[in-house]
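start-v1.cif (mmCIF, C-alpha atoms) appears below.
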data_run
loop_
_atom_site.label_atom_id
_atom_site.label_comp_id
_atom_site.auth_asym_id
_atom_site.auth_seq_id
_atom_site.Cartn_x
_atom_site.Cartn_y
_atom_site.Cartn_z
CA MET A 388 0.00 0.00 0.00
CA PRO A 389 1.52 3.38 -0.99
CA ILE A 390 2.78 5.58 1.86
CA ARG A 391 0.69 8.51 0.55
CA LEU A 392 -2.53 6.48 0.91
CA LEU A 393 -1.49 5.31 4.35
CA SER A 394 -0.92 8.91 5.42
CA PHE A 395 -4.46 9.75 4.38
CA ILE A 396 -5.88 6.78 6.29
CA LEU A 397 -3.78 7.82 9.28
CA LEU A 398 -5.56 11.15 9.45
CA LEU A 399 -8.92 9.40 9.64
CA PHE A 400 -7.84 7.73 12.86
CA CYS A 401 -6.09 10.75 14.40
CA ASN A 402 -8.85 11.53 16.88
CA THR A 403 -8.64 8.08 18.51
CA LEU A 404 -4.87 7.74 18.81
CA TRP A 405 -4.25 10.09 21.71
CA ALA A 406 -7.21 8.90 23.74
CA ALA A 407 -5.92 5.31 23.62
CA ALA A 408 -2.28 6.16 24.40
CA LYS A 409 -1.73 3.65 27.17
CA ILE A 410 2.02 3.51 27.58
CA GLU A 411 3.51 0.21 28.73
CA HIS A 412 7.07 -0.02 29.96
CA TRP A 413 9.59 -2.79 30.63
CA GLN A 414 13.31 -3.57 30.43
CA THR A 415 15.10 -6.01 28.15
CA PRO A 416 17.43 -8.63 29.66
CA GLN A 417 20.34 -6.31 28.84
CA GLY A 418 18.79 -3.44 30.79
CA SER A 419 17.42 -1.35 27.92
CA ARG A 420 14.14 0.45 28.60
CA VAL A 421 11.21 -0.16 26.27
CA TYR A 422 8.10 2.03 25.91
CA TYR A 423 5.20 0.62 23.94
CA VAL A 424 1.79 1.86 22.78
CA GLN A 425 -0.49 -0.37 20.72
CA THR A 426 -2.63 1.48 18.20
CA GLU A 427 -5.09 -0.53 16.15
CA GLY A 428 -6.58 0.04 12.73
CA LEU A 429 -3.49 0.92 10.70
CA PRO A 430 -1.01 -1.70 9.42
CA MET A 431 1.92 0.47 10.44
CA VAL A 432 4.42 0.83 13.27
CA ASP A 433 6.82 3.60 14.30
CA ILE A 434 9.98 2.49 16.09
CA GLN A 435 12.63 4.65 17.70
CA VAL A 436 15.93 3.81 19.35
CA VAL A 437 16.99 6.68 21.59
CA LEU A 438 20.41 7.01 23.20
CA ASP A 439 21.93 9.45 25.65
CA ALA A 440 24.51 10.36 23.02
CA GLY A 441 23.69 13.89 21.91
CA SER A 442 26.07 16.81 21.53
CA ALA A 443 26.23 17.25 25.32
CA ARG A 444 28.43 14.13 25.19
CA ASP A 445 30.90 15.62 22.69
CA GLY A 446 33.52 16.46 25.30
CA LYS A 447 36.07 18.69 23.59
CA GLN A 448 35.37 17.18 20.16
CA PHE A 449 32.42 19.42 19.30
CA GLY A 450 30.37 17.82 16.53
CA VAL A 451 31.40 14.19 17.04
CA ALA A 452 27.94 13.09 18.24
CA SER A 453 26.20 14.69 15.28
CA LEU A 454 28.65 13.35 12.72
CA THR A 455 28.42 9.87 14.22
CA ALA A 456 24.63 9.87 13.92
CA ASP A 457 24.74 11.27 10.39
CA LEU A 458 27.04 8.46 9.23
CA LEU A 459 25.04 5.56 10.64
CA ASP A 460 23.13 4.88 7.42
CA ALA A 461 26.01 5.81 5.12
CA GLY A 462 27.24 2.23 5.36
CA ALA A 463 26.57 -0.72 7.63
CA GLY A 464 27.43 -4.39 7.53
CA SER A 465 28.08 -5.25 3.88
CA TRP A 466 25.86 -2.46 2.57
CA ASP A 467 26.74 1.00 1.34
CA ALA A 468 24.41 4.00 1.48
CA ASP A 469 22.70 3.09 -1.80
CA ASP A 470 22.08 -0.47 -0.66
CA ILE A 471 20.51 0.77 2.57
CA ALA A 472 18.33 3.30 0.80
CA LYS A 473 17.12 0.65 -1.68
CA ARG A 474 16.30 -1.80 1.09
CA PHE A 475 14.05 0.72 2.83
CA GLU A 476 12.55 1.95 -0.44
CA SER A 477 11.71 -1.59 -1.56
CA VAL A 478 9.41 -2.07 1.43
CA GLY A 479 8.02 1.46 1.61
CA ALA A 480 9.80 2.19 4.91
CA GLN A 481 11.21 5.49 6.11
CA PHE A 482 14.37 5.72 8.22
CA GLY A 483 16.18 8.61 9.83
CA ALA A 484 18.92 9.28 12.36
CA GLY A 485 20.11 12.47 13.99
CA ALA A 486 21.50 14.09 17.09
CA SER A 487 20.18 16.89 19.28
CA THR A 488 21.60 18.42 22.44
CA ASP A 489 20.65 15.59 24.79
CA LEU A 490 20.07 12.58 22.60
CA VAL A 491 20.42 10.64 19.38
CA THR A 492 17.36 9.14 17.71
CA LEU A 493 17.13 6.41 15.09
CA SER A 494 13.59 6.21 13.73
CA LEU A 495 11.82 3.73 11.49
CA ARG A 496 8.30 3.90 10.04
CA THR A 497 7.23 0.73 8.32
CA LEU A 498 4.25 -1.41 7.37
CA THR A 499 3.48 -4.40 9.60
CA ASP A 500 3.13 -6.91 6.77
CA THR A 501 5.50 -9.69 7.85
CA ALA A 502 7.81 -9.73 4.84
CA LEU A 503 8.02 -5.96 4.53
CA PHE A 504 8.43 -5.43 8.24
CA SER A 505 11.13 -8.07 8.66
CA LYS A 506 13.32 -6.53 5.96
CA ALA A 507 12.93 -3.01 7.38
CA LEU A 508 13.68 -4.11 10.94
CA GLU A 509 16.72 -6.13 9.87
CA THR A 510 18.09 -3.11 8.03
CA MET A 511 17.63 -0.86 11.06
CA GLN A 512 19.27 -3.46 13.32
CA VAL A 513 22.36 -3.67 11.11
CA ILE A 514 22.61 0.13 10.91
CA LEU A 515 22.47 0.33 14.69
CA SER A 516 24.90 -2.50 15.46
CA LYS A 517 27.31 -2.57 12.51
CA PRO A 518 27.93 0.92 11.11
CA SER A 519 31.01 1.10 8.88
CA PHE A 520 32.35 4.64 9.42
CA ASN A 521 34.60 4.11 6.42
CA LYS A 522 37.01 6.81 5.36
CA ALA A 523 35.30 7.83 2.11
CA ASP A 524 31.87 8.25 3.73
CA PHE A 525 33.41 10.11 6.64
CA SER A 526 35.29 12.51 4.38
CA ARG A 527 32.16 13.30 2.37
CA GLU A 528 30.02 13.94 5.47
CA GLN A 529 32.77 15.95 7.16
CA LYS A 530 33.07 18.22 4.10
CA ARG A 531 29.30 18.66 3.99
CA THR A 532 29.23 19.60 7.67
CA LEU A 533 32.11 22.04 7.28
CA ALA A 534 30.35 23.69 4.33
CA MET A 535 27.21 24.04 6.44
CA LEU A 536 29.18 25.51 9.34
CA LYS A 537 30.84 27.95 6.94
CA GLN A 538 27.38 29.15 5.89
CA THR A 539 26.48 29.92 9.50
CA GLU A 540 29.21 32.56 9.49
CA GLU A 541 27.15 34.39 6.86
CA SER A 542 23.89 34.16 8.81
CA PRO A 543 23.24 36.80 11.50
CA GLY A 544 20.60 34.54 13.06
CA ASP A 545 23.03 31.63 13.38
CA LEU A 546 25.76 33.88 14.76
CA ALA A 547 23.35 35.23 17.34
CA GLY A 548 22.32 31.73 18.38
CA ILE A 549 25.92 30.56 18.84
CA ALA A 550 26.89 33.63 20.84
CA PHE A 551 23.72 33.35 22.93
CA SER A 552 24.41 29.72 23.87
CA ASN A 553 27.96 30.60 24.84
CA ALA A 554 26.73 33.49 26.97
CA LEU A 555 24.21 31.29 28.79
CA TYR A 556 26.32 28.19 29.31
CA GLY A 557 30.01 29.15 29.24
CA GLY A 558 31.97 25.91 29.71
CA HIS A 559 28.91 23.66 30.11
CA PRO A 560 28.29 20.91 27.50
CA TYR A 561 25.18 22.80 26.34
CA ALA A 562 27.23 25.77 25.18
CA HIS A 563 28.36 24.62 21.73
CA PRO A 564 26.26 23.99 18.60
CA THR A 565 25.09 20.43 18.02
CA ALA A 566 26.90 20.30 14.67
CA GLY A 567 30.12 21.55 16.29
CA ILE A 568 32.41 24.31 15.10
CA MET A 569 34.79 24.53 12.16
CA LYS A 570 37.97 23.87 14.14
CA THR A 571 36.76 20.81 16.01
CA VAL A 572 34.89 19.19 13.10
CA ALA A 573 37.91 19.63 10.82
CA ALA A 574 40.06 17.80 13.37
CA LEU A 575 37.78 14.75 13.65
CA THR A 576 38.78 11.36 12.23
CA PRO A 577 36.87 8.14 11.52
CA GLY A 578 38.56 6.73 14.60
CA ASP A 579 37.01 9.45 16.76
CA LEU A 580 33.54 8.46 15.54
CA LYS A 581 34.24 4.77 16.16
CA ASN A 582 35.38 5.55 19.71
CA PHE A 583 32.29 7.67 20.39
CA TYR A 584 30.04 4.96 18.97
CA LYS A 585 31.75 2.26 21.05
CA LYS A 586 31.26 4.26 24.26
CA TYR A 587 27.68 5.45 23.87
CA TYR A 588 25.92 3.03 21.50
CA VAL A 589 25.44 0.33 24.11
CA ALA A 590 22.37 -1.51 25.37
CA THR A 591 22.26 0.03 28.85
CA ASN A 592 22.30 3.48 27.24
CA ALA A 593 19.57 2.62 24.72
CA MET A 594 15.81 3.04 24.89
CA VAL A 595 13.30 1.60 22.42
CA VAL A 596 9.93 3.17 21.59
CA ILE A 597 7.33 1.16 19.67
CA VAL A 598 4.01 2.70 18.64
CA GLY A 599 1.73 0.92 16.22
CA ASP A 600 -0.41 -2.04 15.31
CA VAL A 601 1.73 -4.81 16.82
CA PRO A 602 0.86 -6.95 19.86
CA LYS A 603 2.94 -6.69 23.02
CA GLN A 604 4.64 -10.05 22.53
CA GLN A 605 5.86 -8.94 19.12
CA ALA A 606 6.96 -5.60 20.56
CA GLU A 607 9.11 -7.47 23.08
CA GLN A 608 10.71 -9.44 20.27
CA ILE A 609 11.28 -6.28 18.23
CA ALA A 610 13.13 -4.54 21.07
CA GLU A 611 15.35 -7.53 21.81
CA LYS A 612 16.19 -8.10 18.13
CA LEU A 613 17.03 -4.45 17.55
CA LEU A 614 19.49 -4.32 20.43
CA ALA A 615 20.87 -7.86 20.13
CA GLY A 616 24.04 -6.71 18.41
CA LEU A 617 24.94 -4.08 21.01
CA PRO A 618 27.23 -4.79 23.97
CA ALA A 619 25.74 -4.18 27.42
CA GLY A 620 28.13 -1.31 28.15
CA GLN A 621 27.55 1.32 30.80
CA LYS A 622 25.35 4.37 31.16
CA PRO A 623 27.22 7.67 30.79
CA GLU A 624 27.85 9.72 33.87
CA ALA A 625 25.36 12.44 34.73
CA LEU A 626 25.78 15.80 33.00
CA PRO A 627 27.05 18.62 35.23
CA ASP A 628 24.51 21.04 36.62
CA VAL A 629 24.04 24.34 34.83
CA THR A 630 25.54 27.35 36.59
CA MET A 631 23.55 30.56 36.25
CA PRO A 632 25.44 33.56 34.81
CA ALA A 633 26.99 35.74 37.53
CA LYS A 634 25.57 38.95 36.07
CA ALA A 635 23.74 40.40 33.10
CA THR A 636 25.78 40.95 29.97
CA GLN A 637 25.17 42.53 26.58
CA GLN A 638 27.16 41.50 23.53
CA HIS A 639 26.96 43.03 20.07
CA ILE A 640 28.33 41.40 16.93
CA GLU A 641 28.74 43.75 14.02
CA PHE A 642 27.20 42.38 10.81
CA PRO A 643 26.36 44.13 7.52
CA SER A 644 22.59 43.68 7.56
CA SER A 645 19.58 45.99 7.56
CA GLN A 646 18.02 44.08 10.47
CA THR A 647 19.43 43.36 13.90
CA HIS A 648 18.80 39.94 15.46
CA VAL A 649 18.10 40.19 19.18
CA LEU A 650 18.22 37.34 21.69
CA VAL A 651 17.65 37.81 25.42
CA GLY A 652 17.45 35.15 28.09
CA LEU A 653 19.13 32.83 30.57
CA PRO A 654 19.11 29.12 31.52
CA GLY A 655 15.48 28.30 32.19
CA SER A 656 13.66 25.03 32.80
CA TYR A 657 14.42 21.30 32.73
CA ARG A 658 12.09 18.42 31.88
CA LYS A 659 11.31 17.30 35.45
CA ASP A 660 11.10 20.87 36.74
CA PRO A 661 8.37 21.32 39.43
CA ASP A 662 7.83 24.78 37.93
CA TYR A 663 7.36 23.41 34.42
CA PHE A 664 3.61 24.02 34.07
CA PRO A 665 3.50 27.53 35.62
CA LEU A 666 6.44 28.52 33.39
CA TYR A 667 4.91 26.87 30.33
CA VAL A 668 1.47 28.43 30.73
CA GLY A 669 2.92 31.78 31.72
CA ASN A 670 5.20 31.85 28.73
CA HIS A 671 2.25 31.12 26.46
CA VAL A 672 0.86 34.50 27.54
CA LEU A 673 4.21 36.28 27.51
CA GLY A 674 5.45 35.28 24.08
CA GLY A 675 4.64 31.69 23.21
CA SER A 676 1.23 32.13 21.62
CA GLY A 677 2.22 34.00 18.50
CA LEU A 678 0.02 36.90 17.39
CA VAL A 679 -1.84 37.28 20.69
CA SER A 680 1.09 37.30 23.12
CA LYS A 681 2.15 40.27 25.24
CA LEU A 682 5.51 40.58 23.50
CA PHE A 683 3.94 40.56 20.06
CA ASN A 684 1.38 43.13 21.12
CA GLU A 685 3.87 45.51 22.71
CA VAL A 686 6.69 45.19 20.17
CA ARG A 687 4.78 44.70 16.91
CA GLU A 688 1.18 45.83 17.27
CA LYS A 689 1.65 48.96 19.37
CA ARG A 690 5.00 50.17 18.09
CA GLY A 691 5.80 48.37 14.83
CA LEU A 692 9.35 47.63 15.98
CA ALA A 693 9.55 44.09 14.63
CA TYR A 694 7.72 41.70 12.36
CA SER A 695 7.41 39.28 15.27
CA ALA A 696 8.57 38.82 18.86
CA SER A 697 8.36 35.62 20.85
CA SER A 698 9.64 33.76 23.89
CA SER A 699 10.17 30.11 24.71
CA PHE A 700 11.41 27.64 27.29
CA ALA A 701 13.36 24.67 25.86
CA PRO A 702 13.64 22.20 28.76
CA LEU A 703 16.39 19.56 28.60
CA LEU A 704 17.96 17.07 31.02
CA LYS A 705 19.42 20.14 32.68
CA GLN A 706 18.19 23.71 32.40
CA GLY A 707 17.59 24.51 28.76
CA PRO A 708 17.42 28.08 27.48
CA PHE A 709 14.69 30.60 28.14
CA THR A 710 14.82 32.80 25.06
CA ILE A 711 13.15 36.00 23.92
CA GLY A 712 13.83 36.79 20.30
CA LEU A 713 13.04 39.40 17.67
CA GLN A 714 14.43 41.11 14.60
CA THR A 715 14.27 44.84 14.21
CA ARG A 716 15.61 47.64 12.04
CA ASN A 717 19.16 48.53 13.04
CA ASP A 718 18.24 52.05 14.15
CA GLN A 719 15.40 50.70 16.34
CA THR A 720 17.42 48.11 18.23
CA GLN A 721 17.72 50.06 21.46
CA GLN A 722 14.06 50.98 21.54
CA ALA A 723 13.02 47.38 20.83
CA LEU A 724 15.27 46.16 23.65
CA GLU A 725 13.76 48.65 26.06
CA VAL A 726 10.22 47.54 25.18
CA LEU A 727 11.23 43.87 25.40
CA ASN A 728 12.75 44.27 28.86
CA GLN A 729 9.91 46.41 30.15
CA THR A 730 7.33 43.88 28.95
CA LEU A 731 9.25 41.06 30.63
CA ASN A 732 9.66 42.99 33.88
CA ASP A 733 5.96 43.84 33.98
CA PHE A 734 5.05 40.21 33.39
CA ILE A 735 7.41 38.97 36.11
CA SER A 736 5.85 41.47 38.49
CA LYS A 737 2.18 40.98 37.64
CA GLY A 738 1.79 37.84 35.59
CA PRO A 739 -1.15 37.44 33.21
CA THR A 740 -4.59 38.91 33.70
CA PRO A 741 -7.42 36.45 34.52
CA GLU A 742 -8.68 36.82 30.96
CA GLU A 743 -5.25 36.13 29.48
CA LEU A 744 -4.79 33.07 31.67
CA THR A 745 -8.19 31.66 30.70
CA SER A 746 -7.50 32.26 27.02
CA ALA A 747 -4.07 30.63 27.28
CA LYS A 748 -5.46 27.53 28.96
CA GLN A 749 -8.20 27.18 26.37
CA ASN A 750 -5.67 27.50 23.57
CA ILE A 751 -3.23 24.98 25.05
CA VAL A 752 -5.86 22.43 26.05
CA GLY A 753 -7.88 22.84 22.87
CA GLY A 754 -4.94 22.08 20.60
CA PHE A 755 -3.26 19.46 22.76
CA ALA A 756 -4.63 16.33 21.08
CA MET A 757 -3.49 17.56 17.66
CA ARG A 758 0.12 17.50 18.80
CA PHE A 759 0.22 13.71 18.65
CA ASP A 760 -2.56 12.82 16.26
CA THR A 761 -0.38 10.39 14.28
CA ASN A 762 1.63 7.35 15.31
CA LYS A 763 4.86 9.18 14.50
CA GLU A 764 4.04 12.23 16.62
CA LEU A 765 2.82 10.00 19.44
CA ALA A 766 6.11 8.07 19.25
CA ASN A 767 8.00 11.35 19.62
CA TYR A 768 6.05 12.17 22.78
CA VAL A 769 6.54 8.67 24.20
CA ALA A 770 10.28 8.98 23.50
CA MET A 771 10.34 12.29 25.36
CA ILE A 772 8.47 10.76 28.30
CA GLY A 773 10.82 7.78 28.41
CA PHE A 774 14.11 9.59 27.91
CA TYR A 775 13.37 12.24 30.53
CA ASP A 776 11.80 9.73 32.92
CA LEU A 777 8.45 11.51 33.10
CA PRO A 778 5.33 9.81 34.52
CA LEU A 779 3.72 7.33 32.14
CA ASP A 780 0.42 9.19 32.54
CA TYR A 781 2.03 12.47 31.41
CA LEU A 782 -0.24 12.76 28.36
CA ASP A 783 -3.35 11.85 30.37
CA THR A 784 -2.68 14.45 33.08
CA PHE A 785 -1.20 17.22 30.89
CA GLN A 786 -4.48 19.07 30.43
CA GLN A 787 -5.31 18.82 34.14
CA ASN A 788 -1.90 20.20 35.06
CA VAL A 789 -2.45 23.12 32.69
CA GLU A 790 -5.92 23.83 34.08
CA LYS A 791 -4.60 23.89 37.67
CA VAL A 792 -2.08 26.68 37.05
CA THR A 793 -2.90 29.95 38.83
CA ILE A 794 -1.74 33.53 38.35
CA ALA A 795 0.02 33.39 41.73
CA GLU A 796 1.95 30.27 40.67
CA ILE A 797 3.03 31.92 37.43
CA VAL A 798 4.24 35.06 39.20
CA ASP A 799 6.05 33.02 41.82
CA ALA A 800 7.76 30.79 39.26
CA PHE A 801 8.84 33.66 37.00
CA LYS A 802 10.16 35.71 39.92
CA ARG A 803 12.29 32.82 41.09
CA ARG A 804 13.40 31.53 37.70
CA VAL A 805 13.73 34.58 35.43
CA ASN A 806 15.98 37.11 37.12
CA PRO A 807 16.29 40.31 35.03
CA GLN A 808 19.61 41.01 36.76
CA LEU A 809 21.10 37.91 35.08
CA LEU A 810 19.73 38.26 31.55
CA GLN A 811 22.16 37.68 28.69
CA THR A 812 21.60 39.87 25.65
CA VAL A 813 23.06 39.27 22.20
CA THR A 814 22.53 41.53 19.19
CA VAL A 815 23.83 40.89 15.67
CA GLY A 816 23.47 43.62 13.09
CA GLN A 817 24.87 46.92 11.87
CA ALA A 818 25.21 49.26 14.82
CA LYS A 819 27.66 51.61 13.12
CA THR A 820 26.13 54.07 10.67
CA ASP A 821 27.67 56.53 8.20
CA SER A 822 26.70 59.43 10.41
CA ALA A 823 28.54 57.87 13.33
CA LYS A 824 31.83 57.52 11.47
#
Structure rendered as structure tokens:
Amino acid sequence: MPIRLLSFILLLFCNTLWAAAKIEHWQTPQGSRVYYVQTEGLPMVDIQVVLDAGSARDGKQFGVASLTADLLDAGAGSWDADDIAKRFESVGAQFGAGASTDLVTLSLRTLTDTALFSKALETMQVILSKPSFNKADFSREQKRTLAMLKQTEESPGDLAGIAFSNALYGGHPYAHPTAGIMKTVAALTPGDLKNFYKKYYVATNAMVVIVGDVPKQQAEQIAEKLLAGLPAGQKPEALPDVTMPAKATQQHIEFPSSQTHVLVGLPGSYRKDPDYFPLYVGNHVLGGSGLVSKLFNEVREKRGLAYSASSSFAPLLKQGPFTIGLQTRNDQTQQALEVLNQTLNDFISKGPTPEELTSAKQNIVGGFAMRFDTNKELANYVAMIGFYDLPLDYLDTFQQNVEKVTIAEIVDAFKRRVNPQLLQTVTVGQAKTDSAK
């Protein structure tokens, strides 16, 4: 059955998926965690293998985690990249692998027909357990990564993001870009990738997520087969805690552009944060709800200082960034910053109005089910729940936790967690003008 037709059928069942998301959990004999949700009605399954092997594990070799993940399907076992691609294509399966800050994810979407499924699963298992990391594939991917990193030097947005992460995290593993930097990526060798793989791609560091129309007994067999080729290994040591900046700083990077990119923030929330829901709901009012947020209203609607202005919390294993961002005309940068900071200070002091809080809750709760209305999206949520060790009923209780948030809780959380005296500000644009020379 063509994937396009299956995607259409998938949408017909979207309203029942989330309501039936009973997550089951167990461990394989080697100690790998497995999270499983059975969804009926579609002959399809989404499988993920998640490892604590993201860029936070790079050490001093920035980019090694990302490059390792990118090369997994470039060659494995006796197959080259073309062989692997043809194997998946022949059974209508989709495969992907990539690294983020905290983790690496290998994902497979395939039909459950026995012959098609078996070939797709075997291919994924070989990719996971027998990657080649040969010199030619490595050289090609390294050059591609270096070319991409070179392009970031020509992007004011990318430059702002890199400087912002450095300002927030200093020497912490969260400070550098996931893809690495030119100097460190250029110094990597195939041996470095093999060593990283050997250390982190082990069964005790692996988690399997299975969402689809397969019975539990088969799910157990799938998990064990996928990880059979991995050594038991050891879990990596815990990441260091994030240290808050000692004081507020403001950094400007001169760049020949008509617009200035502005980023303001500090280390914010983590996945198991007790303040997560007050911060999440509060931020929805502050700058997370697009065209109806306070930041958008103050910066764009009232003053026309930017096309958009937004804020976000990006929780990780440790404190991920709280970020306020906008782009503005170079000559309006200072005014936009003043409005941004004043809006934030007012919100920290007062929080949302009752009407704003009610509207935010309705918006969050009303759109919640659509966030995981396909097997693939549900698998992503289950992977998040498993990796960050959240309660298995997280999806069931999410709406209740949102509804319970009060204005007082939002004010309390923001006052404790967003200190204006510690904000890091990065601007990238053209501050110098002809008249100033």
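Shortest separation to A:Leu626 among A:Tyr663, A:Tyr556, A:Tyr561, A:Phe683 occurs at residue A:Tyr561, atoms counted being all atoms listed in the file.
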Hits of the PyMOL selection byres ((chain A and resi 766-781) around 10) in this structure, as number ranges by chain: A: 408-412, 420-424, 432-439, 489-490, 492, 494, 593-599, 657-659, 703-704, 758-759, 761-765, 782-786, 788
For the structure provided, state which residues fall under the PyMOL selection byres ((chain A and resi 747) around 8), and present them as JSON, numbers by chain. {"A": [668, 671, 672, 676, 743, 744, 745, 746, 748, 749, 750, 751]}
Selection result of the PyMOL selection byres ((chain A and resi 804) around 9) on this file, as a PyMOL selection string: chain A and resi 654-656+662+666+799-803+805-806
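Straight-line separation from atom CA of A:Ser419 to atom CA of A:Pro627: 23.3 Å.
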Which one of A:Ile549, A:Leu536, A:Ala502, A:Val572 sits closest to A:Val451 if you count only C-alpha atoms? A:Val572
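Here atom CA of A:Ser465 stands at a distance of 27.8 Å from atom CA of A:Ala566.
Shortest separation to A:Val679 among A:Asn717, A:Lys581, A:Asp545, A:Ser697 occurs at residue A:Ser697, atoms counted being all atoms listed in the file.
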Name the residues in contact with A:Phe449 at a cut-off of 9 Å, using only C-alpha atoms, excluding same-chain residues fewer than 5 positions from it; report them as an NGL selection string. :A and (442-444 or 563-568 or 570-572)
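Residues in contact with stretch 510-518 of chain A at up to 9 Å, not including ones fewer than 2 positions away on its chain and judged by all atoms listed in the file, are A:Val436, A:Leu458, A:Leu459, A:Asp460, A:Ala461, A:Gly462, A:Ala463, A:Gly464, A:Ile471, A:Arg474, A:Phe475, A:Phe482, A:Leu493, A:Ser494, A:Leu495, A:Ser505, A:Lys506, A:Ala507, A:Leu508, A:Phe520, A:Asn521, A:Lys581, A:Tyr588, A:Lys612, A:Leu613, A:Leu614, A:Ala615, A:Gly616, A:Leu617.
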